[in-house]
>>> print(open('protein.pdb').read())   # PDB, C-alpha atoms
ATOM      1  CA  MET A  41     132.011  92.645 121.748
ATOM      2  CA  ILE A  42     133.884  95.744 120.626
ATOM      3  CA  VAL A  43     132.241  97.437 117.646
ATOM      4  CA  LYS A  44     134.782  99.163 115.452
ATOM      5  CA  PRO A  45     133.798 102.561 114.071
ATOM      6  CA  ASP A  46     133.289 102.876 110.325
ATOM      7  CA  THR A  47     136.357 103.741 108.319
ATOM      8  CA  LEU A  48     136.237 106.810 106.095
ATOM      9  CA  ARG A  49     135.800 104.460 103.137
ATOM     10  CA  ASP A  50     132.790 102.819 104.784
ATOM     11  CA  GLN A  51     131.321 106.189 105.704
ATOM     12  CA  ALA A  52     131.743 107.417 102.137
ATOM     13  CA  TYR A  53     130.223 104.212 100.769
ATOM     14  CA  LYS A  54     127.119 104.486 102.955
ATOM     15  CA  LEU A  55     126.663 108.197 102.257
ATOM     16  CA  ILE A  56     126.956 107.822  98.475
ATOM     17  CA  ARG A  57     124.789 104.703  98.465
ATOM     18  CA  ASN A  58     122.148 106.592 100.439
ATOM     19  CA  GLN A  59     122.234 109.452  97.929
ATOM     20  CA  ILE A  60     121.673 106.943  95.117
ATOM     21  CA  VAL A  61     118.758 105.075  96.699
ATOM     22  CA  THR A  62     117.067 108.308  97.841
ATOM     23  CA  ARG A  63     117.414 109.740  94.311
ATOM     24  CA  GLU A  64     119.555 112.649  95.491
ATOM     25  CA  LEU A  65     121.910 111.239  92.857
ATOM     26  CA  PRO A  66     119.539 110.382  89.975
ATOM     27  CA  LEU A  67     119.956 107.407  87.668
ATOM     28  CA  GLY A  68     122.654 108.090  85.107
ATOM     29  CA  SER A  69     124.151 111.041  86.960
ATOM     30  CA  HIS A  70     127.904 111.587  86.767
ATOM     31  CA  LEU A  71     129.949 110.973  89.910
ATOM     32  CA  SER A  72     132.746 113.458  90.425
ATOM     33  CA  VAL A  73     135.300 112.413  93.026
ATOM     34  CA  ALA A  74     136.220 116.033  93.648
ATOM     35  CA  ASP A  75     132.598 117.128  94.086
ATOM     36  CA  LEU A  76     131.743 114.225  96.372
ATOM     37  CA  SER A  77     134.878 114.817  98.409
ATOM     38  CA  ARG A  78     133.928 118.457  98.887
ATOM     39  CA  ASP A  79     130.256 117.791  99.613
ATOM     40  CA  LEU A  80     130.876 114.931 102.050
ATOM     41  CA  GLY A  81     133.972 116.379 103.692
ATOM     42  CA  ILE A  82     135.953 113.207 102.977
ATOM     43  CA  SER A  83     139.265 113.024 101.116
ATOM     44  CA  ASN A  84     139.529 111.727  97.562
ATOM     45  CA  SER A  85     141.041 108.317  98.333
ATOM     46  CA  PRO A  86     138.145 106.986 100.476
ATOM     47  CA  ILE A  87     135.692 108.387  97.916
ATOM     48  CA  ARG A  88     137.388 106.431  95.123
ATOM     49  CA  GLU A  89     137.374 103.274  97.233
ATOM     50  CA  ALA A  90     133.680 103.754  97.986
ATOM     51  CA  ILE A  91     132.848 104.256  94.308
ATOM     52  CA  SER A  92     134.820 101.121  93.446
ATOM     53  CA  ARG A  93     132.757  99.133  95.956
ATOM     54  CA  LEU A  94     129.527 100.560  94.556
ATOM     55  CA  GLU A  95     130.704  99.571  91.084
ATOM     56  CA  ASN A  96     131.298  96.011  92.289
ATOM     57  CA  GLU A  97     127.744  95.964  93.666
ATOM     58  CA  GLY A  98     126.284  97.171  90.373
ATOM     59  CA  LEU A  99     125.050 100.571  91.560
ATOM     60  CA  VAL A 100     127.730 102.481  89.655
ATOM     61  CA  ILE A 101     128.942 102.044  86.078
ATOM     62  CA  ASN A 102     132.363 103.100  84.773
ATOM     63  CA  HIS A 103     132.124 104.533  81.255
ATOM     64  CA  PRO A 104     135.614 104.620  79.671
ATOM     65  CA  ASN A 105     135.224 108.049  78.117
ATOM     66  CA  SER A 106     133.187 109.809  80.780
ATOM     67  CA  GLY A 107     134.004 108.224  84.138
ATOM     68  CA  PHE A 108     131.686 106.901  86.814
ATOM     69  CA  HIS A 109     127.903 107.231  86.647
ATOM     70  CA  VAL A 110     124.968 105.969  88.665
ATOM     71  CA  LEU A 111     123.539 103.005  86.782
ATOM     72  CA  THR A 112     120.484 103.189  84.561
ATOM     73  CA  PHE A 113     117.929 100.438  84.008
ATOM     74  CA  ASP A 114     116.841  98.956  80.712
ATOM     75  CA  ASP A 115     114.904  95.833  79.729
ATOM     76  CA  LYS A 116     118.046  93.705  79.450
ATOM     77  CA  LEU A 117     119.274  94.533  82.946
ATOM     78  CA  VAL A 118     115.820  94.045  84.463
ATOM     79  CA  ASP A 119     115.492  90.634  82.782
ATOM     80  CA  GLN A 120     118.963  89.620  83.998
ATOM     81  CA  LEU A 121     118.145  90.598  87.568
ATOM     82  CA  ASN A 122     114.844  88.713  87.474
ATOM     83  CA  ASP A 123     116.498  85.633  85.974
ATOM     84  CA  THR A 124     119.165  85.756  88.679
ATOM     85  CA  LEU A 125     116.502  85.855  91.380
ATOM     86  CA  ILE A 126     114.554  82.976  89.822
ATOM     87  CA  VAL A 127     117.633  80.752  89.747
ATOM     88  CA  THR A 128     118.715  81.792  93.240
ATOM     89  CA  MET A 129     115.338  81.419  94.936
ATOM     90  CA  SER A 130     114.479  78.173  93.152
ATOM     91  CA  GLY A 131     117.889  76.668  93.848
ATOM     92  CA  CYS A 132     117.782  77.643  97.501
ATOM     93  CA  TYR A 133     114.272  76.251  97.840
ATOM     94  CA  GLN A 134     115.496  72.961  96.389
ATOM     95  CA  MET A 135     118.341  72.945  98.923
ATOM     96  CA  CYS A 136     115.903  73.583 101.772
ATOM     97  CA  CYS A 137     113.752  70.668 100.610
ATOM     98  CA  GLU A 138     116.717  68.328 100.374
ATOM     99  CA  ASP A 139     117.984  69.369 103.812
ATOM    100  CA  GLY A 140     114.596  69.139 105.531
ATOM    101  CA  GLN A 141     114.410  72.885 106.189
ATOM    102  CA  GLU A 142     111.018  73.604 104.663
ATOM    103  CA  GLN A 143     109.425  74.373 108.037
ATOM    104  CA  GLU A 144     112.232  76.755 108.938
ATOM    105  CA  LEU A 145     111.879  78.430 105.541
ATOM    106  CA  ALA A 146     108.119  78.839 106.013
ATOM    107  CA  GLU A 147     108.618  80.424 109.435
ATOM    108  CA  LEU A 148     111.274  82.802 108.113
ATOM    109  CA  LEU A 149     109.140  83.810 105.135
ATOM    110  CA  GLN A 150     106.203  84.457 107.470
ATOM    111  CA  GLN A 151     108.381  86.800 109.531
ATOM    112  CA  ARG A 152     109.537  88.605 106.386
ATOM    113  CA  LEU A 153     105.971  88.902 105.074
ATOM    114  CA  ASP A 154     104.835  90.338 108.419
ATOM    115  CA  GLN A 155     107.653  92.890 108.189
ATOM    116  CA  GLN A 156     106.570  93.788 104.664
ATOM    117  CA  ALA A 157     102.984  94.291 105.824
ATOM    118  CA  SER A 158     103.995  96.422 108.805
ATOM    119  CA  GLN A 159     106.263  98.651 106.716
ATOM    120  CA  TYR A 160     103.582  99.640 104.219
ATOM    121  CA  ASP A 161     101.637 102.736 105.256
ATOM    122  CA  GLY A 162     100.208 103.770 101.900
ATOM    123  CA  GLU A 163     103.433 105.456 100.787
ATOM    124  CA  LEU A 164     105.761 103.751  98.331
ATOM    125  CA  THR A 165     109.087 104.211 100.101
ATOM    126  CA  PHE A 166     112.495 102.682  99.545
ATOM    127  CA  GLU A 167     112.300 101.229 103.052
ATOM    128  CA  TYR A 168     109.184  99.314 102.029
ATOM    129  CA  VAL A 169     110.846  98.078  98.845
ATOM    130  CA  GLN A 170     113.709  96.686 100.912
ATOM    131  CA  THR A 171     111.224  94.500 102.807
ATOM    132  CA  THR A 172     109.959  93.071  99.508
ATOM    133  CA  ILE A 173     113.485  92.051  98.494
ATOM    134  CA  ASN A 174     114.114  90.783 102.016
ATOM    135  CA  PHE A 175     111.244  88.313 101.551
ATOM    136  CA  ASP A 176     112.904  86.935  98.409
ATOM    137  CA  LYS A 177     116.221  86.854 100.271
ATOM    138  CA  GLY A 178     114.572  84.612 102.873
ATOM    139  CA  PHE A 179     115.048  81.641 100.532
ATOM    140  CA  VAL A 180     118.795  82.267 100.637
ATOM    141  CA  ASP A 181     118.989  82.924 104.358
ATOM    142  CA  ALA A 182     117.146  79.698 105.167
ATOM    143  CA  CYS A 183     119.945  77.713 103.509
ATOM    144  CA  HIS A 184     122.567  78.903 106.033
ATOM    145  CA  ASN A 185     125.120  79.096 103.236
ATOM    146  CA  ASP A 186     127.469  82.001 103.898
ATOM    147  CA  MET A 187     128.689  82.252 100.311
ATOM    148  CA  LEU A 188     125.173  82.433  98.896
ATOM    149  CA  SER A 189     124.145  84.920 101.585
ATOM    150  CA  ASN A 190     127.116  87.153 100.832
ATOM    151  CA  LEU A 191     126.412  87.048  97.111
ATOM    152  CA  MET A 192     122.776  87.987  97.679
ATOM    153  CA  GLU A 193     123.744  90.715 100.133
ATOM    154  CA  SER A 194     126.131  92.248  97.594
ATOM    155  CA  ARG A 195     123.236  92.682  95.135
ATOM    156  CA  PHE A 196     120.560  93.570  97.688
ATOM    157  CA  TYR A 197     120.528  97.333  97.059
ATOM    158  CA  LEU A 198     120.711  96.849  93.299
ATOM    159  CA  LEU A 199     117.634  94.617  93.390
ATOM    160  CA  ALA A 200     115.782  96.989  95.703
ATOM    161  CA  LEU A 201     116.720 100.026  93.622
ATOM    162  CA  CYS A 202     115.526  98.288  90.474
ATOM    163  CA  ALA A 203     112.132  97.549  92.026
ATOM    164  CA  PHE A 204     111.831 101.057  93.449
ATOM    165  CA  TYR A 205     112.574 102.843  90.182
ATOM    166  CA  LEU A 206     110.432 100.549  88.067
ATOM    167  CA  TYR A 207     107.350 100.701  90.262
ATOM    168  CA  GLN A 208     107.573 103.825  92.379
ATOM    169  CA  ASP A 209     104.495 105.305  90.702
ATOM    170  CA  GLU A 210     102.582 102.031  90.463
ATOM    171  CA  LYS A 211     100.811 101.426  93.769
ATOM    172  CA  GLU A 212      99.080  98.342  92.413
ATOM    173  CA  SER A 213     102.461  96.765  91.648
ATOM    174  CA  TYR A 214     103.417  96.871  95.316
ATOM    175  CA  LEU A 215     100.091  95.403  96.348
ATOM    176  CA  SER A 216     100.467  92.666  93.729
ATOM    177  CA  ASN A 217     103.947  91.949  95.053
ATOM    178  CA  PHE A 218     102.531  91.410  98.545
ATOM    179  CA  ARG A 219      99.770  89.129  97.296
ATOM    180  CA  GLU A 220     102.262  87.081  95.300
ATOM    181  CA  HIS A 221     104.471  86.738  98.359
ATOM    182  CA  GLN A 222     101.436  85.513 100.275
ATOM    183  CA  GLY A 223     100.836  82.931  97.552
ATOM    184  CA  ILE A 224     104.439  81.748  97.574
ATOM    185  CA  LEU A 225     104.357  81.377 101.349
ATOM    186  CA  GLU A 226     101.132  79.366 101.295
ATOM    187  CA  LYS A 227     102.591  76.987  98.719
ATOM    188  CA  VAL A 228     105.756  76.579 100.803
ATOM    189  CA  LYS A 229     103.593  75.759 103.830
ATOM    190  CA  THR A 230     101.606  73.123 101.944
ATOM    191  CA  GLY A 231     104.787  71.518 100.638
ATOM    192  CA  ASP A 232     103.692  71.538  96.999
ATOM    193  CA  ARG A 233     107.160  71.935  95.545
ATOM    194  CA  GLU A 234     106.207  72.183  91.884
ATOM    195  CA  GLU A 235     103.708  74.919  92.711
ATOM    196  CA  VAL A 236     106.392  76.818  94.641
ATOM    197  CA  PHE A 237     108.683  76.751  91.606
ATOM    198  CA  LYS A 238     105.826  77.928  89.386
ATOM    199  CA  ALA A 239     104.930  80.738  91.804
ATOM    200  CA  ILE A 240     108.539  81.971  91.912
ATOM    201  CA  GLN A 241     108.707  81.871  88.116
ATOM    202  CA  PHE A 242     105.470  83.831  87.739
ATOM    203  CA  HIS A 243     106.461  86.326  90.417
ATOM    204  CA  LEU A 244     109.593  87.313  88.535
ATOM    205  CA  THR A 245     108.644  86.937  84.864
ATOM    206  CA  LYS A 246     105.274  88.652  84.634
ATOM    207  CA  LYS A 247     105.233  91.720  82.408
ATOM    208  CA  ASN A 248     106.817  94.644  84.191
ATOM    209  CA  HIS A 249     105.914  98.310  83.923
ATOM    210  CA  TYR A 250     109.261  99.514  82.613
ATOM    211  CA  ASN A 251     108.588 102.093  79.939
ATOM    212  CA  GLY A 252     112.071 102.464  78.505
ATOM    213  CA  LYS A 253     112.713 105.824  80.099
ATOM    214  CA  THR A 254     115.156 106.671  82.853
ATOM    215  CA  ARG A 255     113.189 107.857  85.851
TER     216      ARG A 255
END
>>> encode(input="protein.pdb", output="structure tokens")
Amino acid sequence: MIVKPDTLRDQAYKLIRNQIVTRELPLGSHLSVADLSRDLGISNSPIREAISRLENEGLVINHPNSGFHVLTFDDKLVDQLNDTLIVTMSGCYQMCCEDGQEQELAELLQQRLDQQASQYDGELTFEYVQTTINFDKGFVDACHNDMLSNLMESRFYLLALCAFYLYQDEKESYLSNFREHQGILEKVKTGDREEVFKAIQFHLTKKNHYNGKTR
């Protein structure tokens, strides 16, 4: 299979996205096309296309009077993201049950949990956070529904960035996340469907540590 090289737009998208998730571009910071073009050595047009894609994925906000900015998180956005995950994970779990894919789901979640465990080395990194979201995404992937997978993929970095910024200084939150994933997996393995739904609900509605300040 021939692998096509990234276009300038794709290169710009990945570079800017990386600057956002690594906090080189802090939450709320203004995005200047001219500055990014100069810093990245890429012309304005691919930069604009990359910013447009990041806007579609929720990582960038367009303010009418001041242009593009990296998003900021508040309680409303966090609640919306959690509600979206509850509906998505619960709905996909229901689909897996109806299609007889509970065993496949359990095996996939076990793989994702093992990846989460292996990634954690005592440091709260964005790479580790991605494995936590990847566990949740396992419910979608087990359905083998391309549309659902694409929708989840388009919000993957937004979900991971939200978790990272909310809990980056809360080591216990990451450990709690792992324990809750363990609990969800065990309930999936036992086939207690109502308990799985309850565990998903608890996992994503417990009081978060957001303090109302942009980090």
>>> closest_residue(input="protein.pdb", among="A:Ser130, A:Phe108, A:Lys238, A:Leu125", to="A:Leu191", atoms="all atoms listed in the file")
A:Leu125
>>> residues_around(input="protein.pdb", residues="stretch 97-101 of chain A", least_positions_apart="6", cutoff="9 Å", atoms="only C-alpha atoms", output="MDAnalysis selection string")
chainID A and resid 57 60 68 71 91 107:112 194:198 201
>>> atom_distance(input="protein.pdb", atom1="atom CA of A:Phe204", atom2="atom CA of A:Val118")
12.1 Å
>>> residues_near_point(input="protein.pdb", point="(116.3, 80.3, 101.1)", cutoff="8 Å", atoms="only C-alpha atoms", output="number ranges by chain")
A: 129, 132-133, 135-136, 145, 176-183
>>> closest_residue(input="protein.pdb", among="A:Leu48, A:Cys202, A:Leu80, A:Val228", to="A:Ala146", atoms="all atoms listed in the file")
A:Val228
>>> residues_around(input="protein.pdb", residues="A:Ala239", least_positions_apart="6", cutoff="8 Å", atoms="only C-alpha atoms", output="ChimeraX atom specification")
/A:220,223-224
>>> residues_around(input="protein.pdb", residues="A:Phe237", least_positions_apart="3", cutoff="10 Å", atoms="all atoms listed in the file", output="VMD selection string")
chain A and resid 126 to 127 129 to 131 133 to 134 224 227 to 228 232 to 234 240 to 243
>>> residues_around(input="protein.pdb", residues="A:Gly231", least_positions_apart="5", cutoff="10 Å", atoms="only C-alpha atoms", output="PyMOL selection string")
chain A and resi 137+142-143+146+225-226+236
>>> atom_distance(input="protein.pdb", atom1="atom CA of A:Arg219", atom2="atom CA of A:Tyr205")
20.1 Å
>>> residues_around(input="protein.pdb", residues="A:Asn217", least_positions_apart="2", cutoff="12 Å", atoms="all atoms listed in the file", output="PyMOL selection string")
chain A and resi 153+156-157+160+168-169+171-173+175-176+203+207+210-215+219-224+239-240+242-244+246+248
>>> atom_distance(input="protein.pdb", atom1="atom CA of A:Ser189", atom2="atom CA of A:Glu138")
18.2 Å
>>> closest_residue(input="protein.pdb", among="A:Thr128, A:Ser216, A:Ser158, A:Asn96", to="A:Leu188", atoms="only C-alpha atoms")
A:Thr128
>>> axis_aligned_box(input="protein.pdb", around="stretch 94-101 of chain A", padding_each_side="6 Å", output="JSON")
{"center_x": 128.2, "center_y": 99.2, "center_z": 90.3, "size_x": 18.2, "size_y": 18.5, "size_z": 20.5}
>>> closest_residue(input="protein.pdb", among="A:Ala74, A:Leu199, A:Met192, A:Leu164", to="A:Arg88", atoms="all atoms listed in the file")
A:Ala74
>>> resolve_selection(input="protein.pdb", expression="the PyMOL selection byres ((chain A and resi 82) around 12)", output="list of chain:residue names")
A:Thr47, A:Leu48, A:Arg49, A:Asp50, A:Gln51, A:Ala52, A:Tyr53, A:Leu55, A:Ile56, A:Val73, A:Ala74, A:Asp75, A:Leu76, A:Ser77, A:Arg78, A:Asp79, A:Leu80, A:Gly81, A:Ser83, A:Asn84, A:Ser85, A:Pro86, A:Ile87, A:Arg88, A:Glu89, A:Ala90
>>> closest_residue(input="protein.pdb", among="A:Asp115, A:Leu149, A:Pro104, A:Phe166", to="A:Arg63", atoms="only C-alpha atoms")
A:Phe166
>>> build_atoms(input="protein.pdb", residues="stretch 218-229 of chain A", atoms="all heavy atoms", output="mmCIF file, keeping the file's coordinate frame")
data_model
loop_
_atom_site.group_PDB
_atom_site.id
_atom_site.type_symbol
_atom_site.label_atom_id
_atom_site.label_comp_id
_atom_site.auth_asym_id
_atom_site.auth_seq_id
_atom_site.Cartn_x
_atom_site.Cartn_y
_atom_site.Cartn_z
ATOM 1 N N PHE A 218 102.885 91.970 97.238
ATOM 2 C CA PHE A 218 102.531 91.410 98.545
ATOM 3 C C PHE A 218 101.645 90.180 98.386
ATOM 4 O O PHE A 218 101.860 89.151 99.041
ATOM 5 C CB PHE A 218 101.825 92.471 99.396
ATOM 6 C CG PHE A 218 101.477 91.996 100.776
ATOM 7 C CD1 PHE A 218 102.446 91.939 101.768
ATOM 8 C CD2 PHE A 218 100.191 91.587 101.088
ATOM 9 C CE1 PHE A 218 102.140 91.497 103.048
ATOM 10 C CE2 PHE A 218 99.869 91.133 102.354
ATOM 11 C CZ PHE A 218 100.854 91.089 103.340
ATOM 12 N N ARG A 219 100.667 90.269 97.501
ATOM 13 C CA ARG A 219 99.770 89.129 97.296
ATOM 14 C C ARG A 219 100.526 87.924 96.732
ATOM 15 O O ARG A 219 100.257 86.774 97.119
ATOM 16 C CB ARG A 219 98.628 89.536 96.357
ATOM 17 C CG ARG A 219 97.620 90.497 96.990
ATOM 18 C CD ARG A 219 96.380 90.616 96.139
ATOM 19 N NE ARG A 219 96.647 91.291 94.875
ATOM 20 C CZ ARG A 219 96.494 92.601 94.689
ATOM 21 N NH1 ARG A 219 96.070 93.374 95.678
ATOM 22 N NH2 ARG A 219 96.740 93.140 93.509
ATOM 23 N N GLU A 220 101.474 88.177 95.857
ATOM 24 C CA GLU A 220 102.262 87.081 95.300
ATOM 25 C C GLU A 220 103.155 86.459 96.370
ATOM 26 O O GLU A 220 103.341 85.230 96.395
ATOM 27 C CB GLU A 220 103.093 87.581 94.121
ATOM 28 C CG GLU A 220 102.243 87.874 92.890
ATOM 29 C CD GLU A 220 102.976 88.693 91.851
ATOM 30 O OE1 GLU A 220 104.224 88.772 91.921
ATOM 31 O OE2 GLU A 220 102.309 89.261 90.969
ATOM 32 N N HIS A 221 103.688 87.271 97.251
ATOM 33 C CA HIS A 221 104.471 86.738 98.359
ATOM 34 C C HIS A 221 103.590 85.876 99.265
ATOM 35 O O HIS A 221 104.024 84.824 99.756
ATOM 36 C CB HIS A 221 105.109 87.878 99.154
ATOM 37 C CG HIS A 221 106.330 88.441 98.512
ATOM 38 N ND1 HIS A 221 106.985 89.564 98.983
ATOM 39 C CD2 HIS A 221 107.041 88.035 97.423
ATOM 40 C CE1 HIS A 221 108.023 89.823 98.224
ATOM 41 N NE2 HIS A 221 108.078 88.918 97.266
ATOM 42 N N GLN A 222 102.368 86.327 99.501
ATOM 43 C CA GLN A 222 101.436 85.513 100.275
ATOM 44 C C GLN A 222 101.224 84.150 99.608
ATOM 45 O O GLN A 222 101.209 83.110 100.275
ATOM 46 C CB GLN A 222 100.083 86.227 100.410
ATOM 47 C CG GLN A 222 100.068 87.393 101.378
ATOM 48 C CD GLN A 222 98.695 88.054 101.441
ATOM 49 O OE1 GLN A 222 98.090 88.351 100.407
ATOM 50 N NE2 GLN A 222 98.194 88.270 102.652
ATOM 51 N N GLY A 223 101.056 84.172 98.281
ATOM 52 C CA GLY A 223 100.836 82.931 97.552
ATOM 53 C C GLY A 223 102.038 81.996 97.611
ATOM 54 O O GLY A 223 101.880 80.780 97.783
ATOM 55 N N ILE A 224 103.224 82.556 97.486
ATOM 56 C CA ILE A 224 104.439 81.748 97.574
ATOM 57 C C ILE A 224 104.540 81.106 98.951
ATOM 58 O O ILE A 224 104.833 79.909 99.084
ATOM 59 C CB ILE A 224 105.692 82.611 97.287
ATOM 60 C CG1 ILE A 224 105.721 83.024 95.813
ATOM 61 C CG2 ILE A 224 106.968 81.857 97.654
ATOM 62 C CD1 ILE A 224 106.809 84.038 95.482
ATOM 63 N N LEU A 225 104.280 81.896 99.982
ATOM 64 C CA LEU A 225 104.357 81.377 101.349
ATOM 65 C C LEU A 225 103.362 80.243 101.571
ATOM 66 O O LEU A 225 103.704 79.212 102.167
ATOM 67 C CB LEU A 225 104.109 82.505 102.356
ATOM 68 C CG LEU A 225 104.013 82.096 103.831
ATOM 69 C CD1 LEU A 225 105.277 81.376 104.283
ATOM 70 C CD2 LEU A 225 103.747 83.321 104.706
ATOM 71 N N GLU A 226 102.138 80.404 101.110
ATOM 72 C CA GLU A 226 101.132 79.366 101.295
ATOM 73 C C GLU A 226 101.542 78.067 100.611
ATOM 74 O O GLU A 226 101.336 76.969 101.146
ATOM 75 C CB GLU A 226 99.776 79.840 100.756
ATOM 76 C CG GLU A 226 99.112 80.899 101.624
ATOM 77 C CD GLU A 226 98.967 80.447 103.068
ATOM 78 O OE1 GLU A 226 98.497 79.313 103.296
ATOM 79 O OE2 GLU A 226 99.344 81.217 103.973
ATOM 80 N N LYS A 227 102.156 78.182 99.437
ATOM 81 C CA LYS A 227 102.591 76.987 98.719
ATOM 82 C C LYS A 227 103.772 76.325 99.424
ATOM 83 O O LYS A 227 103.889 75.093 99.444
ATOM 84 C CB LYS A 227 102.930 77.348 97.274
ATOM 85 C CG LYS A 227 101.685 77.695 96.454
ATOM 86 C CD LYS A 227 102.041 78.189 95.073
ATOM 87 C CE LYS A 227 100.770 78.403 94.238
ATOM 88 N NZ LYS A 227 99.858 79.390 94.832
ATOM 89 N N VAL A 228 104.655 77.135 100.017
ATOM 90 C CA VAL A 228 105.756 76.579 100.803
ATOM 91 C C VAL A 228 105.191 75.821 102.004
ATOM 92 O O VAL A 228 105.643 74.720 102.337
ATOM 93 C CB VAL A 228 106.725 77.682 101.275
ATOM 94 C CG1 VAL A 228 107.719 77.139 102.304
ATOM 95 C CG2 VAL A 228 107.488 78.271 100.091
ATOM 96 N N LYS A 229 104.184 76.397 102.646
ATOM 97 C CA LYS A 229 103.593 75.759 103.830
ATOM 98 C C LYS A 229 102.916 74.430 103.491
ATOM 99 O O LYS A 229 102.958 73.487 104.288
ATOM 100 C CB LYS A 229 102.563 76.707 104.470
ATOM 101 C CG LYS A 229 103.184 77.881 105.216
ATOM 102 C CD LYS A 229 102.092 78.762 105.827
ATOM 103 C CE LYS A 229 102.694 79.889 106.660
ATOM 104 N NZ LYS A 229 101.635 80.766 107.245
#
